[in-house]
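Shown here: entry18.cif, mmCIF, C-alpha atoms.
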```cif
data_model
loop_
_atom_site.label_atom_id
_atom_site.label_comp_id
_atom_site.auth_asym_id
_atom_site.auth_seq_id
_atom_site.Cartn_x
_atom_site.Cartn_y
_atom_site.Cartn_z
CA MET T 1 204.49 65.62 19.35
CA TYR T 2 205.73 67.74 16.47
CA ALA T 3 207.87 64.86 15.20
CA ALA T 4 204.72 62.74 15.00
CA LEU T 5 202.92 65.53 13.15
CA TRP T 6 205.83 65.79 10.73
CA ARG T 7 205.65 62.06 10.01
CA LEU T 8 201.91 62.24 9.53
CA LEU T 9 202.03 64.95 6.85
CA PRO T 10 202.32 63.75 3.26
CA GLY T 11 204.72 64.86 0.54
CA PRO T 12 208.38 65.85 0.42
CA GLY T 13 210.09 67.99 3.03
CA TRP T 14 209.26 71.37 1.54
CA ALA T 15 205.59 70.45 1.17
CA ARG T 16 205.44 69.39 4.81
CA ALA T 17 207.07 72.65 5.85
CA VAL T 18 204.44 74.60 3.91
CA GLN T 19 201.66 72.58 5.56
CA CYS T 20 203.15 73.25 8.99
CA LEU T 21 203.23 76.97 8.23
CA VAL T 22 199.59 76.92 7.14
CA LEU T 23 198.60 74.99 10.26
CA ALA T 24 200.43 77.50 12.44
CA LEU T 25 198.64 80.39 10.72
CA VAL T 26 195.29 78.67 11.24
CA VAL T 27 196.06 78.31 14.95
CA VAL T 28 196.98 82.02 15.19
CA ALA T 29 193.80 83.04 13.34
CA VAL T 30 191.58 80.89 15.56
CA CYS T 31 193.25 82.31 18.68
CA PHE T 32 192.97 85.95 17.53
CA THR T 33 189.37 85.57 16.42
CA TRP T 34 187.77 83.41 19.08
CA VAL T 35 190.04 82.18 21.85
CA PHE T 36 191.75 85.39 23.00
CA PRO T 37 188.62 87.59 22.93
CA ALA T 38 186.91 84.95 25.10
CA VAL T 39 189.80 84.70 27.56
CA SER T 40 190.54 88.42 27.90
CA PRO T 41 187.47 89.37 30.01
CA LEU T 42 188.57 86.80 32.60
CA LEU T 43 191.83 88.67 33.16
CA PRO T 44 191.88 91.87 35.22
CA PHE T 45 194.15 94.01 33.02
CA THR T 46 191.74 96.27 31.22
CA ASP T 47 188.89 97.32 33.53
CA SER T 48 188.32 101.06 33.33
CA THR T 49 184.88 101.54 34.87
CA VAL T 50 183.82 102.16 38.42
CA GLY T 51 181.04 99.98 39.75
CA PRO T 52 179.93 97.90 42.66
CA MET Y 1 205.61 54.89 26.19
CA SER Y 2 209.21 55.40 27.16
CA LEU Y 3 210.28 58.03 29.63
CA ARG Y 4 212.24 59.76 26.88
CA ARG Y 5 209.08 60.23 24.83
CA VAL Y 6 207.08 61.50 27.80
CA VAL Y 7 209.75 64.09 28.55
CA GLY Y 8 209.97 65.03 24.88
CA TRP Y 9 206.21 65.53 24.56
CA SER Y 10 205.82 67.53 27.74
CA GLY Y 11 208.73 69.72 26.71
CA GLU Y 12 207.07 70.49 23.41
CA LEU Y 13 203.78 71.09 25.18
CA LEU Y 14 205.38 73.63 27.50
CA VAL Y 15 207.10 75.43 24.64
CA THR Y 16 203.75 75.54 22.81
CA LEU Y 17 202.06 77.02 25.89
CA GLY Y 18 204.79 79.65 26.11
CA VAL Y 19 204.34 80.59 22.47
CA LEU Y 20 200.56 80.83 22.97
CA LEU Y 21 201.05 83.16 25.96
CA LEU Y 22 203.32 85.40 23.88
CA LEU Y 23 200.71 85.36 21.12
CA PHE Y 24 198.06 86.39 23.63
CA ALA Y 25 200.19 89.30 24.79
CA ALA Y 26 200.67 90.39 21.17
CA TRP Y 27 196.94 90.17 20.56
CA GLN Y 28 196.01 92.11 23.69
CA LEU Y 29 198.67 94.80 23.48
CA TRP Y 30 198.85 95.31 19.74
CA TRP Y 31 196.06 93.71 17.76
CA THR Y 32 193.16 95.07 19.88
CA ASP Y 33 194.57 98.58 19.26
CA VAL Y 34 194.76 97.97 15.51
CA VAL Y 35 191.17 96.74 15.33
CA ALA Y 36 189.74 99.32 17.75
CA ASP Y 37 191.54 102.29 16.17
CA ARG Y 38 190.09 101.37 12.82
CA ALA Y 39 186.57 100.87 14.19
CA GLN Y 40 186.61 104.04 16.30
CA THR Y 41 187.90 106.22 13.46
CA GLN Y 42 185.13 104.89 11.27
CA ILE Y 43 182.41 105.53 13.87
CA VAL Y 44 183.65 109.10 14.41
CA GLN Y 45 183.62 109.64 10.65
CA SER Y 46 180.06 108.41 10.21
CA LEU Y 47 178.86 110.42 13.24
CA GLU Y 48 180.48 113.57 11.86
CA ASP Y 49 178.81 112.90 8.51
CA GLU Y 50 175.42 112.55 10.20
CA PHE Y 51 175.97 115.70 12.25
CA ALA Y 52 176.98 117.64 9.13
CA ARG Y 53 174.06 116.39 7.06
CA GLY Y 54 171.63 116.89 9.93
CA THR Y 55 170.50 113.28 9.78
CA ALA Y 56 171.59 112.37 13.32
CA ALA Y 57 168.86 111.26 15.71
CA PRO Y 58 167.32 114.21 17.60
CA VAL Y 59 168.54 114.69 21.14
CA GLY Y 60 166.03 114.05 23.93
CA ASP Y 61 165.50 115.97 27.17
CA ASN Y 62 168.27 114.01 28.86
CA GLY Y 63 170.82 115.10 26.25
CA ILE Y 64 170.95 111.68 24.63
CA PRO Y 65 169.09 110.71 21.45
CA ALA Y 66 166.10 108.46 22.15
CA ALA Y 67 166.98 106.29 19.19
CA ILE Y 68 170.68 105.63 18.90
CA GLY Y 69 172.18 103.90 15.88
CA GLU Y 70 173.30 100.31 15.82
CA ASP Y 71 176.70 101.04 17.31
CA GLY Y 72 175.14 103.17 20.07
CA ALA Y 73 177.35 106.18 19.34
CA PHE Y 74 175.80 109.61 19.86
CA ALA Y 75 178.65 112.08 20.43
CA VAL Y 76 182.28 112.70 19.64
CA VAL Y 77 184.79 113.61 22.34
CA ARG Y 78 187.84 115.69 21.46
CA ILE Y 79 190.70 116.36 23.86
CA PRO Y 80 193.43 118.68 22.50
CA ARG Y 81 195.85 117.54 25.22
CA PHE Y 82 195.79 114.10 23.61
CA GLY Y 83 196.49 115.61 20.19
CA VAL Y 84 194.70 118.16 18.00
CA ASP Y 85 193.27 115.33 15.91
CA PHE Y 86 192.15 113.24 18.87
CA ALA Y 87 188.51 112.26 18.40
CA ARG Y 88 186.66 109.27 19.81
CA PRO Y 89 183.03 108.23 19.71
CA VAL Y 90 180.92 108.36 22.86
CA ILE Y 91 178.70 105.31 23.09
CA GLU Y 92 175.81 104.62 25.46
CA GLY Y 93 176.78 102.02 28.06
CA THR Y 94 180.00 100.86 29.68
CA ASP Y 95 179.97 97.14 28.90
CA ARG Y 96 183.12 95.53 27.61
CA PRO Y 97 182.07 95.40 23.92
CA VAL Y 98 181.14 99.09 24.07
CA LEU Y 99 184.51 100.13 25.46
CA ALA Y 100 186.20 98.38 22.55
CA LEU Y 101 184.40 100.79 20.22
CA GLY Y 102 185.05 104.05 22.00
CA VAL Y 103 184.34 105.94 25.19
CA GLY Y 104 181.38 104.56 27.16
CA HIS Y 105 178.73 106.76 28.77
CA TYR Y 106 177.60 105.50 32.18
CA VAL Y 107 173.90 104.72 31.76
CA GLY Y 108 171.78 106.90 34.02
CA THR Y 109 174.28 109.73 34.36
CA ALA Y 110 173.59 113.12 32.78
CA GLY Y 111 173.85 113.58 29.04
CA PRO Y 112 176.37 115.93 27.41
CA GLY Y 113 175.87 119.51 28.58
CA GLN Y 114 173.10 118.58 31.02
CA VAL Y 115 173.05 119.63 34.65
CA GLY Y 116 174.50 116.71 36.59
CA ASN Y 117 177.49 114.55 35.85
CA PHE Y 118 178.19 113.46 32.28
CA ALA Y 119 180.26 110.40 33.20
CA VAL Y 120 182.27 108.35 30.72
CA ALA Y 121 184.77 105.49 30.87
CA GLY Y 122 187.57 104.68 28.46
CA HIS Y 123 190.41 102.21 28.18
CA ARG Y 124 193.81 103.35 29.41
CA THR Y 125 195.57 100.56 27.54
CA THR Y 126 194.51 98.23 24.71
CA TYR Y 127 191.34 98.46 22.56
CA GLY Y 128 192.38 101.79 21.05
CA ARG Y 129 193.21 103.17 24.54
CA PRO Y 130 191.26 106.44 24.22
CA PHE Y 131 192.20 107.54 27.75
CA HIS Y 132 195.83 106.45 27.62
CA ASP Y 133 197.09 109.94 28.52
CA VAL Y 134 194.37 110.75 31.06
CA ASP Y 135 197.05 111.35 33.70
CA ARG Y 136 198.51 114.17 31.58
CA LEU Y 137 195.35 116.26 31.82
CA VAL Y 138 195.79 119.35 33.97
CA ASP Y 139 193.32 121.91 35.31
CA GLY Y 140 191.98 124.08 32.52
CA ASP Y 141 192.50 121.51 29.77
CA ARG Y 142 189.55 121.36 27.40
CA VAL Y 143 187.38 118.35 26.80
CA VAL Y 144 185.03 119.00 23.90
CA VAL Y 145 181.89 116.92 23.41
CA GLU Y 146 180.16 117.27 20.05
CA THR Y 147 176.55 116.24 19.67
CA ALA Y 148 174.06 116.56 16.84
CA ASP Y 149 173.03 120.13 17.68
CA GLN Y 150 175.46 121.52 20.26
CA VAL Y 151 179.12 121.42 21.06
CA TYR Y 152 179.95 121.39 24.77
CA VAL Y 153 183.28 122.66 26.04
CA TYR Y 154 184.32 121.34 29.43
CA GLU Y 155 187.40 122.29 31.39
CA VAL Y 156 189.28 119.94 33.69
CA THR Y 157 188.95 120.96 37.34
CA SER Y 158 190.38 118.07 39.35
CA ARG Y 159 191.83 114.58 39.29
CA GLU Y 160 191.77 111.75 41.76
CA ILE Y 161 192.75 108.10 42.06
CA VAL Y 162 190.12 105.88 43.62
CA ARG Y 163 189.29 102.23 44.15
CA PRO Y 164 187.21 100.42 41.51
CA GLY Y 165 184.19 100.32 43.82
CA ASP Y 166 184.07 104.07 44.46
CA VAL Y 167 180.98 104.78 42.40
CA GLU Y 168 180.40 108.15 44.07
CA VAL Y 169 182.89 109.69 41.61
CA ILE Y 170 180.16 109.45 38.97
CA ALA Y 171 177.38 110.77 41.24
CA PRO Y 172 175.49 113.86 39.94
CA VAL Y 173 177.69 115.85 42.29
CA PRO Y 174 180.93 113.84 42.32
CA ASP Y 175 181.97 112.43 45.71
CA ASP Y 176 178.79 113.87 47.23
CA PRO Y 177 176.04 111.37 46.39
CA GLY Y 178 172.54 112.39 47.34
CA THR Y 179 173.11 116.08 46.69
CA ALA Y 180 171.07 117.61 43.88
CA PRO Y 181 173.29 118.94 41.10
CA THR Y 182 173.23 122.58 40.04
CA GLU Y 183 176.10 122.49 37.57
CA ALA Y 184 176.89 120.60 34.37
CA LEU Y 185 179.91 118.48 35.17
CA LEU Y 186 182.05 115.87 33.45
CA THR Y 187 183.76 112.80 34.86
CA MET Y 188 186.14 110.49 33.01
CA THR Y 189 187.25 107.17 34.48
CA SER Y 190 190.02 104.87 33.32
CA CYS Y 191 192.17 102.16 34.81
CA HIS Y 192 195.19 102.88 36.94
CA PRO Y 193 198.03 102.11 36.99
CA LYS Y 194 198.36 101.21 33.33
CA PHE Y 195 197.84 97.50 32.63
CA SER Y 196 196.22 97.07 35.99
CA ALA Y 197 192.76 97.11 37.47
CA THR Y 198 193.84 97.92 41.00
CA GLU Y 199 192.62 101.51 40.94
CA ARG Y 200 190.80 104.01 38.73
CA PHE Y 201 192.15 107.30 37.44
CA VAL Y 202 189.35 109.85 37.58
CA VAL Y 203 189.25 113.30 36.01
CA HIS Y 204 186.50 115.82 36.76
CA GLY Y 205 185.58 118.88 34.76
CA ARG Y 206 182.82 121.43 34.39
CA LEU Y 207 180.97 122.90 31.45
CA VAL Y 208 182.33 126.32 30.50
CA GLU Y 209 180.73 126.93 27.13
CA THR Y 210 177.92 125.65 24.94
CA VAL Y 211 178.24 126.42 21.25
CA PRO Y 212 175.52 125.72 18.68
CA ARG Y 213 176.87 123.54 15.92
CA ALA Y 214 176.33 126.26 13.31
CA GLN Y 215 178.70 128.58 15.17
CA TRP Y 216 181.31 125.93 15.91
CA VAL Y 217 184.76 126.89 14.66
CA PRO Y 218 187.08 124.00 15.57
CA SER Y 219 190.26 126.04 15.30
CA ARG Y 220 188.99 128.40 18.00
CA TRP Y 221 188.56 125.75 20.67
CA LEU Y 222 190.73 122.89 19.56
CA THR Y 223 194.09 124.56 19.71
CA ALA Y 224 197.01 122.48 20.93
CA ALA Y 225 197.22 122.25 24.69
CA THR Y 226 200.07 124.24 26.15
CA GLU Y 227 202.62 123.17 28.74
CA GLY Y 228 201.72 120.75 31.49
#
```

Let me see the file written as structure tokens.
Amino acid sequence: MYAALWRLLPGPGWARAVQCLVLALVVVAVCFTWVFPAVSPLLPFTDSTVGP
Amino acid sequence: MSLRRVVGWSGELLVTLGVLLLLFAAWQLWWTDVVADRAQTQIVQSLEDEFARGTAAPVGDNGIPAAIGEDGAFAVVRIPRFGVDFARPVIEGTDRPVLALGVGHYVGTAGPGQVGNFAVAGHRTTYGRPFHDVDRLVDGDRVVVETADQVYVYEVTSREIVRPGDVEVIAPVPDDPGTAPTEALLTMTSCHPKFSATERFVVHGRLVETVPRAQWVPSRWLTAATEG
């Protein structure tokens, strides 16, 4: 999977490494901004209210 | 596709999933605190500014302003046991987005200083964890609630651990629903044990003093909590 990605990216080795780093950061940003906040309410770790 | 490739891909997929789970833990346990601490400090600051300038919305008969600002915050709670600088906004409602911004006031319960039960909920962990140390509160500890015109000083009177469905803890007379209240009480709920939703840690208190804002001297009431 990652080998295929590596082959797909253009440029010399260092440029591909930089692109991989950027891609990884994009994934982290997307997760922190949208994915994790959407998933968190489904998990029962942080409920602090009483209610029926 | 050869077996070798299938195994290789699924291995990478599993490693990726593992990394994502670790990332999620980092987000939940660390990043939500970073974001919420910043937001809550800012809300407290702007509330204090409004209180000081006298531009805060006037308080209604129920102890809560009829028109609350965009963030819904209408009071500041200070608990010396949690630190002399501890201050968090009190926001109307107990929905999830509210609790990320501060301490949530159960809709329909009494307002600050009113006869009945001023009931609030706060996170024990994550999202700024305002009630992280709720289990350290002992009888006599002060919980100070500042509003636009008055400052209410409550004292802790009891603690209990209940199930999440035990709504009678926030009844006007806690654990005695149906009885008409005669006293101004306070109830704080948070999750228990930490990082779990199995139970709720509940702290009750009662109003011991009401101080008009003009006569409020923080150093007199917000001294560091002693042993306990």

* Asked: With all atoms listed in the file as the basis for distance, which of Y:Tyr127, Y:Pro80, Y:Val138, Y:Val98 is at the shortest distance from Trp30 of chain Y?
  ->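 Among the listed residues, the smallest separation from Trp30 of chain Y belongs to Y:Tyr127.
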
* Asked: Given the file above and the PyMOL selection byres ((chain T) within 6 of (chain Y)), which residues are selected, and can you give them as a list in words?
  ->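 For this structure, the PyMOL selection byres ((chain T) within 6 of (chain Y)) captures Met1, Pro44, Phe45, Asp47, Ser48, Thr49, Val50, Gly51 and Pro52 of chain T.
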
* To do: Decode the PyMOL selection byres ((chain Y and resi 206) around 10) for the given file into explicit residues and return them as a PyMOL selection string.
  => chain Y and resi 113+115-118+140+142-143+153-158+183-187+204-205+207-209

* **Selected residue, from Y:Pro212, Y:Gly18, Y:Gly128, Y:Pro112, that lies nearest to Arg38 of chain Y when counting all atoms listed in the file** => Y:Gly128

* Asked: Residues at most 12 Å from Ala66 of chain Y, counting all atoms listed in the file, excluding those fewer than 4 positions away in the same chain, as a count of residues only?
  -> 12

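For the atom pair formed by atom CA of Phe32 of chain T and atom CA of Leu101 of chain Y, the distance is 17.3 Å, given to one decimal.
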
* Give me the residues within 12 Å of segment 23-30 of chain T as a VMD selection string, counting all atoms listed in the file and dropping any in the same chain fewer than 4 places off. => (chain T and resid 2 5 to 6 9 16 to 19 34 to 38) or (chain Y and resid 16 19 to 24 26 to 27 31)

* Could you write out as an MDAnalysis selection string the residues that the PyMOL selection byres ((chain Y and resi 82) around 12) matches in the shown file? -> chainID Y and resid 77:81 83:88 129:138 141:144 222:226 228

* Asked: What separation in Å, quoted to one decimal, exists between atom CA of Ala148 of chain Y and atom CA of Ser219 of chain Y?
  ->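 We find that atom CA of Ala148 of chain Y and atom CA of Ser219 of chain Y lie 18.8 Å from each other.
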
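The two atoms in question, atom CA of Pro218 of chain Y and atom CA of Glu50 of chain Y, are spaced 17.2 Å apart.
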
* Proximity to Gln40 of chain Y - best of Y:Pro89, Y:Pro181, Y:Pro172, Y:Pro65, all atoms listed in the file -> Y:Pro89

* Structure fact -> With distances taken over only C-alpha atoms, the candidate from Y:Ala75, Y:Ala214, Y:Ala100, Y:Ala52 nearest Thr147 of chain Y is Y:Ala75
